[in-house]
Number of protein chains: 2
Amino acid sequence: MYDRIYNFSAGPSMLPVPVLEKARDEMLNCEGSGMSVNEMSHRSKVFDKIAKDAEALVREVLNVPENYKVLFMQGGATLQFACVPLNLMKTGRADYVLTGNFSKKAYEEGQKFGDARVAGSTKSENFTRIPRQNELELDPNADYVHICFNNTIYGTHWDYIPETGNVPLVADMSSCIFSEEVDISKFGLIYAGVQKNLAPSGMALVIVREDLIRDDVPKYCPSLCSYALTAKNDSMYNTPNCWSIYITKLVLEHIKATGGVKAMHEKAVRKAEKLYSYLETSKLFKNEVSAESRSLMNVVFRCPDDEMNAKFAAASGKAGMSNLKGHRLVGGMRASIYNAMPEEGVDYLIDFMKKFEQENA
Amino acid sequence: MYDRIYNFSAGPSMLPVPVLEKARDEMLNCEGSGMSVNEMSHRSKVFDKIAKDAEALVREVLNVPENYKVLFMQGGATLQFACVPLNLMKTGRADYVLTGNFSKKAYEEGQKFGDARVAGSTKSENFTRIPRQNELELDPNADYVHICFNNTIYGTHWDYIPETGNVPLVADMSSCIFSEEVDISKFGLIYAGVQKNLAPSGMALVIVREDLIRDDVPKYCPSLCSYALTAKNDSMYNTPNCWSIYITKLVLEHIKATGGVKAMHEKAVRKAEKLYSYLETSKLFKNEVSAESRSLMNVVFRCPDDEMNAKFAAASGKAGMSNLKGHRLVGGMRASIYNAMPEEGVDYLIDFMKKFEQENA
């Protein structure tokens, strides 16, 4: 009926086929309402239930403690780079750990609003590993410590949750949310652009401890950036991204029905281990990430030279795989293998890489 | 195959059925890419063409002059309430004309960033009309004059474009964009939340004269609120709301194929005139808006008492029409009859109102 390809895009990314099929089937009449979810008042009973279900599913699937609010906000992770300092900076000091491009962007945005400082960085090692706890120079009086839990471009992931004492830990989990069990209580705030592992682009999921939500944000904080206002209005201070909330609900129903986050993680481990195992033995492809810092979601690799990288990217495209070309900042290749990437997709990729290696030995 | 109802929602609102059908048919494989548009990298060739086509169609269908940028931004009109002062306030003074709830919200948001003042208001008359030019007290040194061109809650529309001299005119056109021909050159900036007449929620369309875009925004301006950054990155500083951009393209193709904005306006006039003509003769339903200020998109009316209003709202729901209940701020009823509402929908409503009036004489 339709030809699907293996889409290794870092984001927006693959969605589960049963979710797309349900969205398709409901496109002109959602849940018997006589209209598409795209035409529905966000204040209607039908949509209100969709949004409440989506929130309840986030809570259930991620095991969110009672004293945390779950918010759906527009603007993706990038607007959160501003929302975090706008809402959480009180003394005006915050620590940022740099582990790649997006943590750097968050840090630069933080500098607009106060004294954001670098509390750790592996830039000198091309971000090929996550810094160890003893390498972090944390300010005990900072308003928060910001980390990026999974780094899509560099293919790394925090293998531990840093200890920050009484200072709230803030984590950008855009590219790993719902792929692993997380002890939410270790974090003050978690945010995630939804377009990688959860839903269509144009929204961020925010999970924030209630005591960090405050009314006395700076006067110049746009209303739409206020956690207090968003929480008070159940994420509907204005018309939200209804489509993204709807697909969030469908994806979480699908995750729940297929074993929850635990099963997602087991599948992610299986997929990533296959790929890393092959990379360890390959004579053509190399992955430079330290073993303990390897991402389960984004596996980066490269050939000895750019010409071969380009040849691989082109050949893989012709073989029915898309978006294997690495980010323009680092070159090489990147296979983003989020929840919705089937294991067959990874098997297919590895078979293709082996064949390519033989042909280009 | 599916039962559709007449959806009079003020927003999100009806979309053209052919657009929904195309979106449905492409849900698992968009333009032969082997993936849904919801799974597509925003940097991919296929999506890049979709976004460029959407922008080109905005320019063509609305006849946008060369010296204006067309931007797609997240956050709807509400984030624009902040973006406008963040980007356009230089002296820190701006004029706001109050004609309803959303112009008031824009004004209140503007006050966060400078000296926003009221340059005109019809609040004392329950916002039942648009102020005349000679009622406006405009500051010749203001950075801009802000108006809301169509007021969804109060059912009014500016019947003229106010003369503001050298001061740029900024208009929120969320609920009338693409329903009428507009001389863009009379405005410095036009913005519109897309969820009424254009596309699914979670995005604003911004049309801004190039000389008003500046790099020296205040330090505390979130990156995602900067027109300069958005323009420099072709609306892709971060992952945009791809779904909304895609539907924007489909809706504009549909508008173009069915006669353009001129035909949309003619149809809107026919629909609204029928409804207003009946309201003028009705002994049960009243519309209190001054004739010259009547909106073609949102027709408000009410019965003599709240009990009858509630009875009508409930009965209309049972008769296959939704969202005729007025906004909670004003009560009564409201029929939002945007481009995608077929003429038969308005005929059906009028017939129902006549019957209801007979039965409740």
# chains A, B, ... in the order shown; residues from 1 in each chain; ligands from 1
call {"tool": "interface_residues", "arguments": {"of": "chain A", "to": "chain B", "cutoff": "6 Å", "atoms": "only C-alpha atoms", "output": "ChimeraX atom specification"}}
result
/A:3-5,11-14,24,27,34-35,38-41,74-75,82,112-113,200-202,219-220,222,240-241
call {"tool": "select_by_dssp", "arguments": {"residues": "segment 52-155 of chain B", "states": "strand (DSSP E)", "output": "JSON list (two decimals) with N, CA, C and O atoms, in the first residue's frame"}}
result
[["chain", "number", "residue", "atom", "x", "y", "z"],
["B", 68, "TYR", "N", 9.08, 42.93, 2.16],
["B", 68, "TYR", "CA", 8.55, 42.33, 3.40],
["B", 68, "TYR", "C", 9.07, 40.90, 3.53],
["B", 68, "TYR", "O", 9.17, 40.18, 2.54],
["B", 69, "LYS", "N", 9.39, 40.50, 4.76],
["B", 69, "LYS", "CA", 9.76, 39.12, 5.03],
["B", 69, "LYS", "C", 8.52, 38.36, 5.49],
["B", 69, "LYS", "O", 7.67, 38.91, 6.20],
["B", 70, "VAL", "N", 8.45, 37.10, 5.10],
["B", 70, "VAL", "CA", 7.38, 36.21, 5.56],
["B", 70, "VAL", "C", 8.01, 35.18, 6.51],
["B", 70, "VAL", "O", 8.92, 34.45, 6.11],
["B", 71, "LEU", "N", 7.57, 35.17, 7.75],
["B", 71, "LEU", "CA", 8.16, 34.30, 8.77],
["B", 71, "LEU", "C", 7.11, 33.35, 9.34],
["B", 71, "LEU", "O", 5.95, 33.72, 9.51],
["B", 72, "PHE", "N", 7.54, 32.14, 9.64],
["B", 72, "PHE", "CA", 6.72, 31.20, 10.40],
["B", 72, "PHE", "C", 7.34, 31.04, 11.78],
["B", 72, "PHE", "O", 8.48, 30.59, 11.90],
["B", 73, "MET", "N", 6.62, 31.42, 12.81],
["B", 73, "MET", "CA", 7.17, 31.37, 14.17],
["B", 73, "MET", "C", 6.26, 30.56, 15.08],
["B", 73, "MET", "O", 5.05, 30.52, 14.90],
["B", 93, "ARG", "N", 8.18, 53.59, 23.41],
["B", 93, "ARG", "CA", 6.79, 54.06, 23.45],
["B", 93, "ARG", "C", 6.00, 53.43, 22.31],
["B", 93, "ARG", "O", 6.45, 53.41, 21.17],
["B", 94, "ALA", "N", 4.81, 52.95, 22.63],
["B", 94, "ALA", "CA", 3.98, 52.33, 21.60],
["B", 94, "ALA", "C", 2.51, 52.60, 21.91],
["B", 94, "ALA", "O", 2.11, 52.70, 23.07],
["B", 95, "ASP", "N", 1.72, 52.72, 20.86],
["B", 95, "ASP", "CA", 0.27, 52.97, 20.99],
["B", 95, "ASP", "C", -0.52, 51.70, 20.73],
["B", 95, "ASP", "O", -0.23, 50.96, 19.78],
["B", 96, "TYR", "N", -1.51, 51.46, 21.55],
["B", 96, "TYR", "CA", -2.39, 50.31, 21.37],
["B", 96, "TYR", "C", -3.84, 50.79, 21.32],
["B", 96, "TYR", "O", -4.26, 51.57, 22.18],
["B", 97, "VAL", "N", -4.57, 50.32, 20.32],
["B", 97, "VAL", "CA", -6.00, 50.61, 20.25],
["B", 97, "VAL", "C", -6.75, 49.39, 20.77],
["B", 97, "VAL", "O", -6.54, 48.27, 20.29],
["B", 98, "LEU", "N", -7.58, 49.62, 21.77],
["B", 98, "LEU", "CA", -8.29, 48.50, 22.41],
["B", 98, "LEU", "C", -9.67, 48.31, 21.79],
["B", 98, "LEU", "O", -10.52, 49.22, 21.84],
["B", 115, "ASP", "N", 6.71, 51.64, 27.49],
["B", 115, "ASP", "CA", 5.59, 52.51, 27.79],
["B", 115, "ASP", "C", 4.48, 52.30, 26.75],
["B", 115, "ASP", "O", 4.35, 53.08, 25.81],
["B", 116, "ALA", "N", 3.73, 51.23, 26.93],
["B", 116, "ALA", "CA", 2.59, 50.99, 26.04],
["B", 116, "ALA", "C", 1.42, 51.81, 26.56],
["B", 116, "ALA", "O", 1.10, 51.76, 27.74],
["B", 117, "ARG", "N", 0.81, 52.57, 25.66],
["B", 117, "ARG", "CA", -0.33, 53.38, 26.12],
["B", 117, "ARG", "C", -1.56, 53.15, 25.22],
["B", 117, "ARG", "O", -1.44, 52.71, 24.08],
["B", 118, "VAL", "N", -2.71, 53.45, 25.78],
["B", 118, "VAL", "CA", -3.97, 53.25, 25.05],
["B", 118, "VAL", "C", -4.23, 54.47, 24.18],
["B", 118, "VAL", "O", -4.35, 55.59, 24.68],
["B", 119, "ALA", "N", -4.31, 54.25, 22.88],
["B", 119, "ALA", "CA", -4.51, 55.36, 21.94],
["B", 119, "ALA", "C", -5.95, 55.45, 21.46],
["B", 119, "ALA", "O", -6.28, 56.29, 20.63],
["B", 120, "GLY", "N", -6.78, 54.57, 22.00],
["B", 120, "GLY", "CA", -8.19, 54.56, 21.61],
["B", 120, "GLY", "C", -8.83, 53.31, 22.17],
["B", 120, "GLY", "O", -8.15, 52.30, 22.36],
["B", 121, "SER", "N", -10.13, 53.39, 22.46],
["B", 121, "SER", "CA", -10.80, 52.24, 23.04],
["B", 121, "SER", "C", -12.31, 52.42, 22.92],
["B", 121, "SER", "O", -12.81, 53.54, 23.03],
["B", 145, "VAL", "N", 1.94, 51.55, 16.16],
["B", 145, "VAL", "CA", 0.55, 51.54, 16.60],
["B", 145, "VAL", "C", 0.03, 50.12, 16.41],
["B", 145, "VAL", "O", 0.15, 49.56, 15.32],
["B", 146, "HIS", "N", -0.53, 49.55, 17.47],
["B", 146, "HIS", "CA", -1.00, 48.16, 17.39],
["B", 146, "HIS", "C", -2.52, 48.11, 17.36],
["B", 146, "HIS", "O", -3.19, 48.73, 18.20],
["B", 147, "ILE", "N", -3.04, 47.36, 16.39],
["B", 147, "ILE", "CA", -4.49, 47.13, 16.35],
["B", 147, "ILE", "C", -4.77, 45.63, 16.16],
["B", 147, "ILE", "O", -3.90, 44.89, 15.71],
["B", 148, "CYS", "N", -5.96, 45.23, 16.56],
["B", 148, "CYS", "CA", -6.43, 43.87, 16.25],
["B", 148, "CYS", "C", -7.49, 44.01, 15.17],
["B", 148, "CYS", "O", -8.56, 44.59, 15.41],
["B", 150, "ASN", "N", -9.46, 42.04, 13.37],
["B", 150, "ASN", "CA", -10.77, 41.38, 13.51],
["B", 150, "ASN", "C", -10.85, 40.83, 14.93],
["B", 150, "ASN", "O", -9.92, 40.18, 15.39],
["B", 151, "ASN", "N", -11.95, 41.12, 15.60],
["B", 151, "ASN", "CA", -12.08, 40.76, 17.01],
["B", 151, "ASN", "C", -13.07, 39.61, 17.15],
["B", 151, "ASN", "O", -14.29, 39.81, 17.08]]
call {"tool": "select_by_dssp", "arguments": {"residues": "segment 291-356 of chain B", "states": "helix (DSSP H, G or I)", "output": "PyMOL selection string"}}
result
chain B and resi 291-293+306-318+343-356
call {"tool": "write_last_selection", "arguments": {"atoms": "N, CA and C atoms", "output": "JSON list (two decimals), in the first residue's frame"}}
result
[["chain", "number", "residue", "atom", "x", "y", "z"],
["B", 291, "ALA", "N", -23.22, 48.56, 12.40],
["B", 291, "ALA", "CA", -23.21, 47.97, 11.06],
["B", 291, "ALA", "C", -21.85, 48.09, 10.38],
["B", 292, "GLU", "N", -21.19, 49.25, 10.51],
["B", 292, "GLU", "CA", -19.93, 49.45, 9.78],
["B", 292, "GLU", "C", -18.79, 48.62, 10.35],
["B", 293, "SER", "N", -18.95, 48.10, 11.58],
["B", 293, "SER", "CA", -17.87, 47.37, 12.23],
["B", 293, "SER", "C", -18.08, 45.86, 12.25],
["B", 306, "ASP", "N", -30.18, 34.53, 29.46],
["B", 306, "ASP", "CA", -29.15, 33.49, 29.46],
["B", 306, "ASP", "C", -29.75, 32.08, 29.35],
["B", 307, "GLU", "N", -30.95, 31.93, 29.89],
["B", 307, "GLU", "CA", -31.59, 30.62, 29.83],
["B", 307, "GLU", "C", -31.86, 30.23, 28.37],
["B", 308, "MET", "N", -32.36, 31.19, 27.61],
["B", 308, "MET", "CA", -32.65, 30.93, 26.20],
["B", 308, "MET", "C", -31.35, 30.71, 25.41],
["B", 309, "ASN", "N", -30.31, 31.48, 25.76],
["B", 309, "ASN", "CA", -29.00, 31.26, 25.12],
["B", 309, "ASN", "C", -28.52, 29.83, 25.33],
["B", 310, "ALA", "N", -28.65, 29.35, 26.57],
["B", 310, "ALA", "CA", -28.19, 28.00, 26.89],
["B", 310, "ALA", "C", -29.03, 26.96, 26.15],
["B", 311, "LYS", "N", -30.33, 27.23, 26.07],
["B", 311, "LYS", "CA", -31.22, 26.31, 25.36],
["B", 311, "LYS", "C", -30.83, 26.22, 23.88],
["B", 312, "PHE", "N", -30.52, 27.39, 23.30],
["B", 312, "PHE", "CA", -30.13, 27.41, 21.89],
["B", 312, "PHE", "C", -28.82, 26.65, 21.68],
["B", 313, "ALA", "N", -27.85, 26.91, 22.55],
["B", 313, "ALA", "CA", -26.55, 26.26, 22.40],
["B", 313, "ALA", "C", -26.71, 24.74, 22.46],
["B", 314, "ALA", "N", -27.50, 24.28, 23.41],
["B", 314, "ALA", "CA", -27.70, 22.83, 23.57],
["B", 314, "ALA", "C", -28.43, 22.25, 22.36],
["B", 315, "ALA", "N", -29.49, 22.93, 21.92],
["B", 315, "ALA", "CA", -30.29, 22.42, 20.80],
["B", 315, "ALA", "C", -29.47, 22.40, 19.51],
["B", 316, "SER", "N", -28.65, 23.42, 19.30],
["B", 316, "SER", "CA", -27.85, 23.46, 18.07],
["B", 316, "SER", "C", -26.83, 22.33, 18.05],
["B", 317, "GLY", "N", -26.31, 21.99, 19.22],
["B", 317, "GLY", "CA", -25.38, 20.86, 19.31],
["B", 317, "GLY", "C", -26.04, 19.57, 18.88],
["B", 318, "LYS", "N", -27.26, 19.37, 19.34],
["B", 318, "LYS", "CA", -27.99, 18.15, 18.98],
["B", 318, "LYS", "C", -28.33, 18.12, 17.49],
["B", 343, "GLU", "N", -21.07, 27.42, 2.51],
["B", 343, "GLU", "CA", -22.29, 28.24, 2.55],
["B", 343, "GLU", "C", -23.48, 27.43, 3.08],
["B", 344, "GLU", "N", -23.51, 26.13, 2.77],
["B", 344, "GLU", "CA", -24.60, 25.28, 3.26],
["B", 344, "GLU", "C", -24.62, 25.28, 4.79],
["B", 345, "GLY", "N", -23.46, 25.41, 5.41],
["B", 345, "GLY", "CA", -23.40, 25.42, 6.87],
["B", 345, "GLY", "C", -24.12, 26.63, 7.44],
["B", 346, "VAL", "N", -23.95, 27.78, 6.77],
["B", 346, "VAL", "CA", -24.62, 29.01, 7.22],
["B", 346, "VAL", "C", -26.12, 28.92, 6.94],
["B", 347, "ASP", "N", -26.46, 28.39, 5.77],
["B", 347, "ASP", "CA", -27.89, 28.20, 5.46],
["B", 347, "ASP", "C", -28.55, 27.29, 6.50],
["B", 348, "TYR", "N", -27.85, 26.23, 6.83],
["B", 348, "TYR", "CA", -28.37, 25.28, 7.81],
["B", 348, "TYR", "C", -28.58, 25.95, 9.16],
["B", 349, "LEU", "N", -27.61, 26.77, 9.55],
["B", 349, "LEU", "CA", -27.71, 27.50, 10.82],
["B", 349, "LEU", "C", -28.91, 28.44, 10.82],
["B", 350, "ILE", "N", -29.06, 29.21, 9.72],
["B", 350, "ILE", "CA", -30.16, 30.18, 9.66],
["B", 350, "ILE", "C", -31.52, 29.46, 9.72],
["B", 351, "ASP", "N", -31.64, 28.39, 8.98],
["B", 351, "ASP", "CA", -32.89, 27.61, 9.02],
["B", 351, "ASP", "C", -33.18, 27.14, 10.45],
["B", 352, "PHE", "N", -32.13, 26.68, 11.10],
["B", 352, "PHE", "CA", -32.30, 26.20, 12.47],
["B", 352, "PHE", "C", -32.71, 27.34, 13.40],
["B", 353, "MET", "N", -32.10, 28.51, 13.22],
["B", 353, "MET", "CA", -32.43, 29.67, 14.06],
["B", 353, "MET", "C", -33.89, 30.09, 13.85],
["B", 354, "LYS", "N", -34.32, 30.08, 12.59],
["B", 354, "LYS", "CA", -35.71, 30.46, 12.29],
["B", 354, "LYS", "C", -36.69, 29.51, 12.98],
["B", 355, "LYS", "N", -36.37, 28.22, 12.90],
["B", 355, "LYS", "CA", -37.23, 27.21, 13.52],
["B", 355, "LYS", "C", -37.24, 27.40, 15.04],
["B", 356, "PHE", "N", -36.05, 27.63, 15.59],
["B", 356, "PHE", "CA", -35.93, 27.83, 17.04],
["B", 356, "PHE", "C", -36.72, 29.07, 17.46]]
call {"tool": "residues_around", "arguments": {"residues": "Met333 of chain A", "least_positions_apart": "6", "cutoff": "6 Å", "atoms": "only C-alpha atoms", "output": "ChimeraX atom specification"}}
result
/A:300-302,324-326
call {"tool": "write_last_selection", "arguments": {"atoms": "all heavy atoms", "output": "short mmCIF file (atom, residue, chain, number, x, y, z; two decimals), in the first residue's frame"}}
result
data_model
loop_
_atom_site.label_atom_id
_atom_site.label_comp_id
_atom_site.auth_asym_id
_atom_site.auth_seq_id
_atom_site.Cartn_x
_atom_site.Cartn_y
_atom_site.Cartn_z
N VAL A 300 27.25 7.59 16.20
CA VAL A 300 28.03 8.31 15.19
C VAL A 300 29.19 7.43 14.74
O VAL A 300 29.75 6.66 15.51
CB VAL A 300 28.55 9.66 15.73
CG1 VAL A 300 27.39 10.60 16.02
CG2 VAL A 300 29.39 9.47 16.98
N PHE A 301 29.55 7.55 13.49
CA PHE A 301 30.70 6.80 12.97
C PHE A 301 31.21 7.51 11.73
O PHE A 301 30.53 8.35 11.15
CB PHE A 301 30.33 5.35 12.67
CG PHE A 301 29.13 5.15 11.78
CD1 PHE A 301 29.27 4.98 10.42
CD2 PHE A 301 27.83 5.12 12.32
CE1 PHE A 301 28.17 4.79 9.59
CE2 PHE A 301 26.73 4.93 11.50
CZ PHE A 301 26.90 4.77 10.13
N ARG A 302 32.43 7.17 11.35
CA ARG A 302 32.99 7.83 10.17
C ARG A 302 34.00 6.92 9.48
O ARG A 302 34.61 6.04 10.10
CB ARG A 302 33.63 9.15 10.53
CG ARG A 302 34.77 9.07 11.56
CD ARG A 302 35.44 10.43 11.76
NE ARG A 302 34.61 11.41 12.41
CZ ARG A 302 34.16 12.55 11.83
NH1 ARG A 302 34.50 12.85 10.60
NH2 ARG A 302 33.43 13.39 12.51
N LEU A 324 21.46 9.41 7.02
CA LEU A 324 22.61 8.84 7.72
C LEU A 324 23.82 9.78 7.70
O LEU A 324 24.80 9.54 8.40
CB LEU A 324 22.99 7.48 7.11
CG LEU A 324 22.09 6.33 7.60
CD1 LEU A 324 22.24 5.10 6.72
CD2 LEU A 324 22.42 5.97 9.06
N LYS A 325 23.71 10.84 6.96
CA LYS A 325 24.79 11.83 6.93
C LYS A 325 24.87 12.52 8.29
O LYS A 325 23.85 12.91 8.86
CB LYS A 325 24.48 12.85 5.83
CG LYS A 325 25.67 13.68 5.42
CD LYS A 325 25.31 14.56 4.23
CE LYS A 325 26.30 15.69 4.10
NZ LYS A 325 25.90 16.67 3.08
N GLY A 326 26.08 12.67 8.82
CA GLY A 326 26.25 13.31 10.12
C GLY A 326 25.92 14.79 10.09
O GLY A 326 25.72 15.38 9.02
#
call {"tool": "residues_around", "arguments": {"residues": "Met297 of chain B", "least_positions_apart": "4", "cutoff": "7 Å", "atoms": "only C-alpha atoms", "output": "list in words"}}
result
Cys176, Ser336, Ile337 and Tyr338 of chain B
call {"tool": "closest_residue", "arguments": {"among": "B:Leu189, B:Leu198, B:Val299, B:Ile153", "to": "Val330 of chain B", "atoms": "only C-alpha atoms"}}
result
B:Ile153
call {"tool": "residues_around", "arguments": {"residues": "Leu62 of chain A", "least_positions_apart": "2", "cutoff": "8 Å", "atoms": "only C-alpha atoms", "output": "number ranges by chain"}}
result
A: 58-60, 64, 178, 181-182, 261
call {"tool": "residues_around", "arguments": {"residues": "Asp216 of chain A", "least_positions_apart": "4", "cutoff": "10 Å", "atoms": "only C-alpha atoms", "output": "CSV table (one decimal) with N, CA, C and O atoms, in the first residue's frame"}}
result
chain,number,residue,atom,x,y,z
A,87,ASN,N,12.9,31.6,34.4
A,87,ASN,CA,12.1,31.2,35.6
A,87,ASN,C,12.9,30.7,36.8
A,87,ASN,O,12.4,30.8,37.9
A,90,LYS,N,17.4,33.2,40.2
A,90,LYS,CA,17.0,34.1,41.3
A,90,LYS,C,18.2,34.9,41.7
A,90,LYS,O,18.2,36.1,41.7
A,221,CYS,N,9.8,38.8,31.1
A,221,CYS,CA,9.5,37.4,30.7
A,221,CYS,C,8.2,37.3,29.9
A,221,CYS,O,7.2,37.6,30.4
A,226,SER,N,6.4,31.7,30.9
A,226,SER,CA,6.3,31.6,32.3
A,226,SER,C,5.8,30.2,32.7
A,226,SER,O,4.7,29.8,32.2
A,228,ALA,N,4.8,29.4,35.7
A,228,ALA,CA,3.7,29.6,36.6
A,228,ALA,C,2.4,29.7,35.8
A,228,ALA,O,1.3,29.1,36.1
call {"tool": "closest_residue", "arguments": {"among": "A:Glu108, A:Val46, A:Lys232, A:Asp53", "to": "Leu250 of chain A", "atoms": "only C-alpha atoms"}}
result
A:Asp53
call {"tool": "residues_around", "arguments": {"residues": "Leu57 of chain A", "least_positions_apart": "6", "cutoff": "10 Å", "atoms": "only C-alpha atoms", "output": "number ranges by chain"}}
result
A: 51, 63-64, 248-253, 255-256
call {"tool": "write_last_selection", "arguments": {"atoms": "C-alpha atoms", "output": "compact mmCIF listing (two decimals), in the first residue's frame"}}
result
# COMPACT_ATOMS: atom_id res chain seq x y z
CA ALA A 51 -4.76 16.70 26.63
CA ASN A 63 6.66 7.53 36.75
CA VAL A 64 6.55 11.26 37.50
CA THR A 248 1.96 12.50 22.16
CA LYS A 249 -1.09 10.71 23.54
CA LEU A 250 -1.10 8.15 20.74
CA VAL A 251 2.65 7.47 21.02
CA LEU A 252 2.45 7.04 24.79
CA GLU A 253 -0.50 4.67 24.44
CA ILE A 255 4.67 2.71 24.34
CA LYS A 256 2.48 1.61 27.23
call {"tool": "closest_residue", "arguments": {"among": "A:Glu180, A:Leu284, A:Thr152, A:Glu66", "to": "Arg334 of chain A", "atoms": "only C-alpha atoms"}}
result
A:Thr152
call {"tool": "atom_distance", "arguments": {"atom1": "atom CA of Lys186 of chain B", "atom2": "atom CA of Ala335 of chain B"}}
result
29.6 Å
call {"tool": "atom_distance", "arguments": {"atom1": "atom CA of Ile130 of chain A", "atom2": "atom CA of Arg270 of chain A"}}
result
21.9 Å
call {"tool": "atom_distance", "arguments": {"atom1": "atom CA of Val19 of chain B", "atom2": "atom CA of Tyr191 of chain B"}}
result
23.0 Å
